[in-house]
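Participant: Mind looking over this structure? Questions follow.
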Amino acid sequence: MSGQITPVPQIAGNAQLLSELRQMKQKSHLPHALLLHGPEGCGKKLIAEWFAMLVLCEEHGAAPCGHCKSCRLVRSHAHPDVTAAEHSGKRGGFSVETVRQIRADAAILPNNGDMRIFMFCDADGMSVQAQNALLKSVEEPPAHACFVFTAQVPGVLLPTLLSRMTAKAVFPVTRSECIEALTRRGYPADDIQAAASRFDGNIGRCITYLEDSTVREATDRTAALTAALADQNEYELLRLLTAAAAEKEQLRKTLELLDIQIRDAALMTLNGDFSFMGCDRDSAQRLSVRLTPRRTSRLHGAIAGAFADLDGNVGAVLTVTALCAALLDA
Ligand SMILES: [Zn+2]
């Protein structure tokens, strides 16, 4: 279930960012290259879509109207002047051929309106070659071309490319804004509470949790695993890992999430400001109490070892048995 598609994307939080983009539009100072950066699931792609509507809206207002032909085409991902670069390769990058094609397309005048928009979503895996191939177009873009990138951190892009862009941070919203957004989408209240307690204000991750049963099972199990690890409870640790091992995909997802929980627990010990990417703050907090850098590194190493075992076709049960011992010894 994903609820109805509204005429304009409903974006939770991030009022400052939206207001800045609106002002740019009003002053006719829209950037030719925009980077939206922030953690996975915080709404970067939705804001990119809203921005494309803003740029192309036929009403030329300070916000997309949602009703003109252009807005409707962007919203239904069918606008002839909006091109989403296709990913290729294992790391979710873009091939040099794709970039060259987009460079050629950027030279062509728009079909409908004044601008053509080229989207590079999830650009975190974009190779140096692909970035270099795009550099010239971003440096000296045709007047009608606009490039929009989304990435988790700006540092994944080359400084030469980055220096030509307007970079804007997208932030996760508060837990109550998150609950409100999920309620608008029509999810049952109990499910919303469960999702929001796992991922705070990260709406995208909440939605994945609500819609993907593999993720949900792995998430709930990972929370219990983190608690068992914090308590050094061998029986519980082995029981949970063995249950996950019944299915390899489930086991991989669970280990991936557990690795992030350990990373977050380690960051908690530093008392710094960081965006929580795990799936259960309480158990991560408990784990953080007795976490030293050395133990953190060993815990990550134990999980890396389990992945290596799975890649080397070691049986799942054998893998988790060794992992359990390694986690307890770390
Ligand atoms: Zn419009």
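Residue numbers start at 1 in each chain; chains themselves are named A, B, ... in the order of the structure tokens; ligands are numbered from 1 in the order shown.
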DSSP on the backbone, then: every residue of region 23-71 of chain A marked strand (DSSP E or B), written as a PyMOL selection string.

Facilitator: chain A and resi 33-37

Participant: Residues within 6 Å of ligand 1, counting only C-alpha atoms and all ligand atoms: report them as a PyMOL selection string.

Facilitator: chain A and resi 57-59+64-68+70-71

Participant: Can you list every residue in region 111-198 of chain A that DSSP puts in helix (DSSP H, G or I), as JSON, numbers by chain?

Facilitator: {"A": [123, 124, 125, 128, 129, 130, 131, 132, 133, 134, 135, 136, 137, 138, 139, 154, 155, 156, 159, 160, 161, 162, 175, 176, 177, 178, 179, 180, 181, 182, 183, 184, 189, 190, 191, 192, 193, 194, 195, 196, 197, 198]}

Participant: Could you take the residues named above and write them with N, CA and C atoms, as a compact mmCIF listing (two decimals), in the first residue's frame?

Facilitator:
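Here's the written file again22.txt:
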# COMPACT_ATOMS: atom_id res chain seq x y z
N ALA A 123 23.81 9.17 -6.79
CA ALA A 123 25.08 9.33 -7.52
C ALA A 123 26.30 8.88 -6.69
N ASP A 124 26.05 8.24 -5.54
CA ASP A 124 27.17 7.86 -4.66
C ASP A 124 28.16 6.92 -5.35
N GLY A 125 27.66 6.12 -6.29
CA GLY A 125 28.56 5.16 -6.93
C GLY A 125 29.08 5.65 -8.28
N VAL A 128 34.78 8.07 -11.33
CA VAL A 128 35.57 9.26 -11.69
C VAL A 128 35.45 9.51 -13.19
N GLN A 129 35.49 8.43 -13.98
CA GLN A 129 35.39 8.55 -15.44
C GLN A 129 34.05 9.16 -15.85
N ALA A 130 32.98 8.66 -15.23
CA ALA A 130 31.64 9.16 -15.57
C ALA A 130 31.53 10.63 -15.16
N GLN A 131 32.09 10.96 -13.99
CA GLN A 131 32.03 12.36 -13.53
C GLN A 131 32.82 13.26 -14.46
N ASN A 132 33.98 12.79 -14.85
CA ASN A 132 34.80 13.59 -15.76
C ASN A 132 34.12 13.81 -17.10
N ALA A 133 33.40 12.76 -17.54
CA ALA A 133 32.70 12.87 -18.82
C ALA A 133 31.59 13.93 -18.75
N LEU A 134 31.11 14.15 -17.55
CA LEU A 134 30.01 15.10 -17.38
C LEU A 134 30.49 16.52 -17.08
N LEU A 135 31.74 16.62 -16.65
CA LEU A 135 32.28 17.88 -16.13
C LEU A 135 32.01 19.08 -17.04
N LYS A 136 32.35 18.91 -18.31
CA LYS A 136 32.23 20.02 -19.26
C LYS A 136 30.79 20.55 -19.32
N SER A 137 29.82 19.61 -19.35
CA SER A 137 28.41 20.02 -19.44
C SER A 137 27.97 20.79 -18.20
N VAL A 138 28.50 20.38 -17.04
CA VAL A 138 28.10 21.07 -15.80
C VAL A 138 28.84 22.40 -15.67
N GLU A 139 30.06 22.44 -16.17
CA GLU A 139 30.85 23.68 -16.12
C GLU A 139 30.25 24.76 -17.00
N PRO A 154 28.19 14.74 -0.02
CA PRO A 154 28.72 15.49 -1.16
C PRO A 154 30.10 15.01 -1.58
N GLY A 155 30.86 14.47 -0.60
CA GLY A 155 32.25 14.08 -0.84
C GLY A 155 32.43 13.01 -1.90
N VAL A 156 31.35 12.33 -2.31
CA VAL A 156 31.48 11.30 -3.34
C VAL A 156 31.72 11.91 -4.72
N PRO A 159 35.81 17.29 -6.51
CA PRO A 159 35.77 18.71 -6.15
C PRO A 159 35.51 19.60 -7.35
N THR A 160 36.06 19.22 -8.52
CA THR A 160 35.85 20.04 -9.72
C THR A 160 34.37 20.10 -10.11
N LEU A 161 33.70 18.96 -9.96
CA LEU A 161 32.27 18.89 -10.30
C LEU A 161 31.45 19.61 -9.22
N LEU A 162 31.82 19.30 -7.97
CA LEU A 162 31.10 19.86 -6.82
C LEU A 162 31.13 21.38 -6.80
N ARG A 175 10.16 12.77 14.55
CA ARG A 175 9.35 11.57 14.61
C ARG A 175 7.87 11.89 14.38
N SER A 176 7.41 13.02 14.91
CA SER A 176 5.98 13.34 14.74
C SER A 176 5.66 13.72 13.28
N GLU A 177 6.58 14.41 12.62
CA GLU A 177 6.36 14.72 11.19
C GLU A 177 6.34 13.43 10.38
N CYS A 178 7.21 12.50 10.79
CA CYS A 178 7.28 11.21 10.10
C CYS A 178 5.96 10.46 10.27
N ILE A 179 5.44 10.43 11.49
CA ILE A 179 4.18 9.73 11.76
C ILE A 179 3.05 10.37 10.95
N GLU A 180 3.07 11.69 10.89
CA GLU A 180 2.04 12.41 10.13
C GLU A 180 2.09 12.01 8.64
N ALA A 181 3.32 11.99 8.09
CA ALA A 181 3.47 11.66 6.66
C ALA A 181 3.02 10.23 6.38
N LEU A 182 3.32 9.30 7.29
CA LEU A 182 2.94 7.90 7.07
C LEU A 182 1.42 7.74 7.23
N THR A 183 0.84 8.52 8.13
CA THR A 183 -0.62 8.47 8.32
C THR A 183 -1.33 8.95 7.06
N ARG A 184 -0.78 10.03 6.45
CA ARG A 184 -1.36 10.54 5.20
C ARG A 184 -1.36 9.47 4.13
N ALA A 189 -2.27 2.48 12.07
CA ALA A 189 -1.60 3.22 13.14
C ALA A 189 -0.55 2.38 13.89
N ASP A 190 -0.86 1.13 14.16
CA ASP A 190 0.08 0.28 14.92
C ASP A 190 1.37 0.06 14.13
N ASP A 191 1.20 -0.16 12.82
CA ASP A 191 2.37 -0.37 11.97
C ASP A 191 3.23 0.90 11.91
N ILE A 192 2.56 2.04 11.87
CA ILE A 192 3.28 3.32 11.81
C ILE A 192 4.12 3.50 13.07
N GLN A 193 3.52 3.20 14.22
CA GLN A 193 4.26 3.35 15.48
C GLN A 193 5.50 2.45 15.48
N ALA A 194 5.30 1.22 15.01
CA ALA A 194 6.42 0.27 14.98
C ALA A 194 7.53 0.78 14.07
N ALA A 195 7.16 1.29 12.89
CA ALA A 195 8.17 1.77 11.93
C ALA A 195 8.87 3.01 12.46
N ALA A 196 8.08 3.95 13.00
CA ALA A 196 8.66 5.21 13.47
C ALA A 196 9.61 4.98 14.64
N SER A 197 9.30 3.98 15.48
CA SER A 197 10.18 3.73 16.61
C SER A 197 11.51 3.13 16.13
N ARG A 198 11.49 2.50 14.98
CA ARG A 198 12.73 1.92 14.44
C ARG A 198 13.61 2.98 13.77

Participant: Just to confirm, what's the straight-line distance from CA of Leu30 (chain A) to CA of Leu54 (chain A) in Å (one decimal)?

Facilitator: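 Taking CA of Leu30 (chain A) and CA of Leu54 (chain A), their separation equals 9.8 Å.
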
Participant: Take CA of Met119 (chain A) and CA of Gly89 (chain A) and report the distance between them in Å, one decimal.

Facilitator: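 For CA of Met119 (chain A) relative to CA of Gly89 (chain A), the distance reads 17.5 Å.
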
Participant: Could you check how far CA of Asp282 (chain A) sits from CA of Leu327 (chain A), in Å to one decimal?

Facilitator: 19.4 Å

Participant: Kindly indicate which residue among A:Ser213, A:Ser283, A:Ser28, A:Thr254 lies nearest to Thr226 (chain A), using only C-alpha atoms for the distances.

Facilitator: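 Nearest to Thr226 (chain A): A:Ser283.
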
Participant: Do you know which residues are at most 7 Å from Leu255 (chain A) counting only C-alpha atoms, after dropping those on the same chain fewer than 4 positions away, and could you put them as number ranges by chain?

Facilitator: A: 251, 259, 303

Participant: Can those selected residues be exported to a file as a tab-separated table (two decimals), in the first residue's frame so that it contains N, CA and C atoms?

Facilitator:
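Saved the output as selection-v6.tsv:
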chain	number	residue	atom	x	y	z
A	251	LEU	N	19.43	-13.67	6.07
A	251	LEU	CA	20.65	-13.61	6.88
A	251	LEU	C	21.53	-12.44	6.44
A	259	ASP	N	25.52	-4.66	11.32
A	259	ASP	CA	26.77	-3.92	11.10
A	259	ASP	C	26.53	-2.41	11.30
A	303	ILE	N	31.56	-9.72	11.41
A	303	ILE	CA	30.49	-9.70	10.40
A	303	ILE	C	31.07	-9.80	8.98

Participant: For Thr214 (chain A), please output as a VMD selection string all residues within 9 Å (counting only C-alpha atoms; exclusion window: fewer than 4 positions along the same chain).

Facilitator: chain A and resid 209 218 to 219 249 to 250 253

Participant: Could you check the closest approach to Ala243 (chain A) for each of A:Val320, A:Arg205, A:Leu21, A:Ala227 and tell me which residue wins, using only C-alpha atoms?

Facilitator: A:Val320

Participant: So that I can see what lies close to Ala151 (chain A), please list as a VMD selection string the residues with an atom at most 10 Å from it, counting only C-alpha atoms and leaving out residues fewer than 4 positions away in the same chain.

Facilitator: chain A and resid 35 to 40 44 to 45 120 to 126 155 to 157 169

Participant: Those residues you just picked out, can you put them in a file as a short mmCIF file (atom, residue, chain, number, x, y, z; two decimals), in the first residue's frame with all heavy atoms?

Facilitator:
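Just written: selection.cif:
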data_model
loop_
_atom_site.label_atom_id
_atom_site.label_comp_id
_atom_site.auth_asym_id
_atom_site.auth_seq_id
_atom_site.Cartn_x
_atom_site.Cartn_y
_atom_site.Cartn_z
N LEU A 35 22.79 19.74 -6.19
CA LEU A 35 23.04 18.47 -5.49
C LEU A 35 22.22 18.45 -4.21
O LEU A 35 22.33 19.36 -3.38
CB LEU A 35 24.54 18.34 -5.14
CG LEU A 35 24.87 17.22 -4.15
CD1 LEU A 35 24.57 15.85 -4.72
CD2 LEU A 35 26.34 17.30 -3.71
N LEU A 36 21.40 17.44 -4.06
CA LEU A 36 20.65 17.23 -2.81
C LEU A 36 21.32 16.09 -2.08
O LEU A 36 21.40 14.98 -2.60
CB LEU A 36 19.19 16.89 -3.12
CG LEU A 36 18.40 17.98 -3.87
CD1 LEU A 36 17.09 17.42 -4.41
CD2 LEU A 36 18.14 19.18 -2.97
N HIS A 37 21.84 16.37 -0.89
CA HIS A 37 22.54 15.29 -0.18
C HIS A 37 21.95 15.07 1.20
O HIS A 37 21.47 16.00 1.85
CB HIS A 37 24.06 15.56 -0.12
CG HIS A 37 24.42 16.84 0.58
ND1 HIS A 37 24.66 16.88 1.93
CD2 HIS A 37 24.58 18.10 0.11
CE1 HIS A 37 24.97 18.13 2.26
NE2 HIS A 37 24.92 18.89 1.19
N GLY A 38 21.98 13.82 1.65
CA GLY A 38 21.44 13.46 2.95
C GLY A 38 21.35 11.95 3.05
O GLY A 38 21.53 11.25 2.06
N PRO A 39 21.08 11.43 4.27
CA PRO A 39 21.05 9.98 4.45
C PRO A 39 19.98 9.28 3.60
O PRO A 39 19.00 9.91 3.19
CB PRO A 39 20.74 9.80 5.94
CG PRO A 39 20.39 11.12 6.48
CD PRO A 39 20.80 12.16 5.50
N GLU A 40 20.22 8.00 3.37
CA GLU A 40 19.27 7.18 2.60
C GLU A 40 17.87 7.27 3.21
O GLU A 40 17.71 7.19 4.42
CB GLU A 40 19.76 5.73 2.65
CG GLU A 40 18.92 4.77 1.87
CD GLU A 40 19.19 3.32 2.29
OE1 GLU A 40 20.25 3.04 2.89
OE2 GLU A 40 18.31 2.48 2.03
N LYS A 44 15.30 12.73 -0.65
CA LYS A 44 16.04 13.49 -1.68
C LYS A 44 15.37 13.38 -3.05
O LYS A 44 15.24 14.38 -3.76
CB LYS A 44 17.50 12.99 -1.78
CG LYS A 44 18.28 13.11 -0.49
CD LYS A 44 19.72 12.65 -0.66
CE LYS A 44 19.89 11.17 -0.92
NZ LYS A 44 19.49 10.30 0.22
N LYS A 45 14.95 12.18 -3.40
CA LYS A 45 14.37 11.99 -4.73
C LYS A 45 13.02 12.70 -4.86
O LYS A 45 12.70 13.24 -5.92
CB LYS A 45 14.23 10.50 -5.04
CG LYS A 45 15.47 9.95 -5.73
CD LYS A 45 15.42 8.46 -5.87
CE LYS A 45 16.51 7.88 -5.02
NZ LYS A 45 16.46 6.43 -4.89
N PHE A 120 20.53 12.68 -11.89
CA PHE A 120 21.46 11.61 -11.53
C PHE A 120 21.17 11.24 -10.07
O PHE A 120 21.75 11.81 -9.16
CB PHE A 120 22.91 12.07 -11.69
CG PHE A 120 23.32 12.24 -13.13
CD1 PHE A 120 23.05 13.40 -13.83
CD2 PHE A 120 23.98 11.21 -13.79
CE1 PHE A 120 23.43 13.54 -15.16
CE2 PHE A 120 24.36 11.33 -15.12
CZ PHE A 120 24.08 12.51 -15.81
N CYS A 121 20.20 10.32 -9.89
CA CYS A 121 19.81 9.96 -8.53
C CYS A 121 20.74 8.88 -7.98
O CYS A 121 21.27 8.07 -8.73
CB CYS A 121 18.37 9.46 -8.51
SG CYS A 121 17.22 10.80 -8.82
N ASP A 122 20.95 8.89 -6.67
CA ASP A 122 21.87 7.95 -6.01
C ASP A 122 23.22 7.97 -6.70
O ASP A 122 23.74 6.94 -7.15
CB ASP A 122 21.32 6.52 -6.03
CG ASP A 122 20.02 6.43 -5.25
OD1 ASP A 122 19.94 7.03 -4.17
OD2 ASP A 122 19.08 5.76 -5.72
N ALA A 123 23.81 9.17 -6.79
CA ALA A 123 25.08 9.33 -7.52
C ALA A 123 26.30 8.88 -6.69
O ALA A 123 27.43 9.09 -7.11
CB ALA A 123 25.24 10.78 -7.97
N ASP A 124 26.05 8.24 -5.54
CA ASP A 124 27.17 7.86 -4.66
C ASP A 124 28.16 6.92 -5.35
O ASP A 124 29.34 6.92 -5.02
CB ASP A 124 26.62 7.17 -3.41
CG ASP A 124 25.66 8.08 -2.65
OD1 ASP A 124 24.47 8.14 -3.04
OD2 ASP A 124 26.09 8.74 -1.71
N GLY A 125 27.66 6.12 -6.29
CA GLY A 125 28.56 5.16 -6.93
C GLY A 125 29.08 5.65 -8.28
O GLY A 125 29.61 4.87 -9.07
N MET A 126 28.95 6.96 -8.54
CA MET A 126 29.35 7.48 -9.86
C MET A 126 30.88 7.46 -9.98
O MET A 126 31.57 8.03 -9.14
CB MET A 126 28.83 8.90 -10.01
CG MET A 126 28.84 9.42 -11.43
SD MET A 126 27.89 10.96 -11.52
CE MET A 126 28.02 11.31 -13.27
N GLY A 155 30.86 14.47 -0.60
CA GLY A 155 32.25 14.08 -0.84
C GLY A 155 32.43 13.01 -1.90
O GLY A 155 33.54 12.76 -2.36
N VAL A 156 31.35 12.33 -2.31
CA VAL A 156 31.48 11.30 -3.34
C VAL A 156 31.72 11.91 -4.72
O VAL A 156 32.14 11.23 -5.64
CB VAL A 156 30.24 10.36 -3.41
CG1 VAL A 156 30.08 9.59 -2.12
CG2 VAL A 156 28.98 11.15 -3.73
N LEU A 157 31.46 13.20 -4.85
CA LEU A 157 31.67 13.84 -6.14
C LEU A 157 33.02 14.54 -6.17
O LEU A 157 33.54 14.99 -5.15
CB LEU A 157 30.54 14.85 -6.41
CG LEU A 157 29.15 14.23 -6.53
CD1 LEU A 157 28.08 15.31 -6.66
CD2 LEU A 157 29.06 13.28 -7.73
N ALA A 169 21.63 20.38 1.74
CA ALA A 169 21.40 19.21 2.60
C ALA A 169 19.90 18.96 2.77
O ALA A 169 19.13 19.89 2.90
CB ALA A 169 22.04 19.44 3.96
#

Participant: Counting only C-alpha atoms, what is within 10 Å of His79 (chain A), bar same-chain residues fewer than 5 positions away, as a list in words?

Facilitator: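 Those residues are Ala52, Met53, Leu56, Lys69, Ser70, Cys71, Arg72, Leu73, Val74, Asn111, Asn112, Arg116 and Ile117 of chain A.
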
Participant: Would you please work out which residue, of A:Cys206, A:Leu310, A:Ala104, A:Val148, is nearest to Val82 (chain A) when using only C-alpha atoms?

Facilitator: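 Closest to Val82 (chain A) of all the choices is A:Val148.
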
Participant: Considering only C-alpha atoms, state which residue in the set A:Leu258, A:Met268, A:Pro293, A:Leu238 is at the smallest distance from Ala322 (chain A).

Facilitator: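 Residue with the minimum atom-to-atom distance to Ala322 (chain A): A:Leu238.
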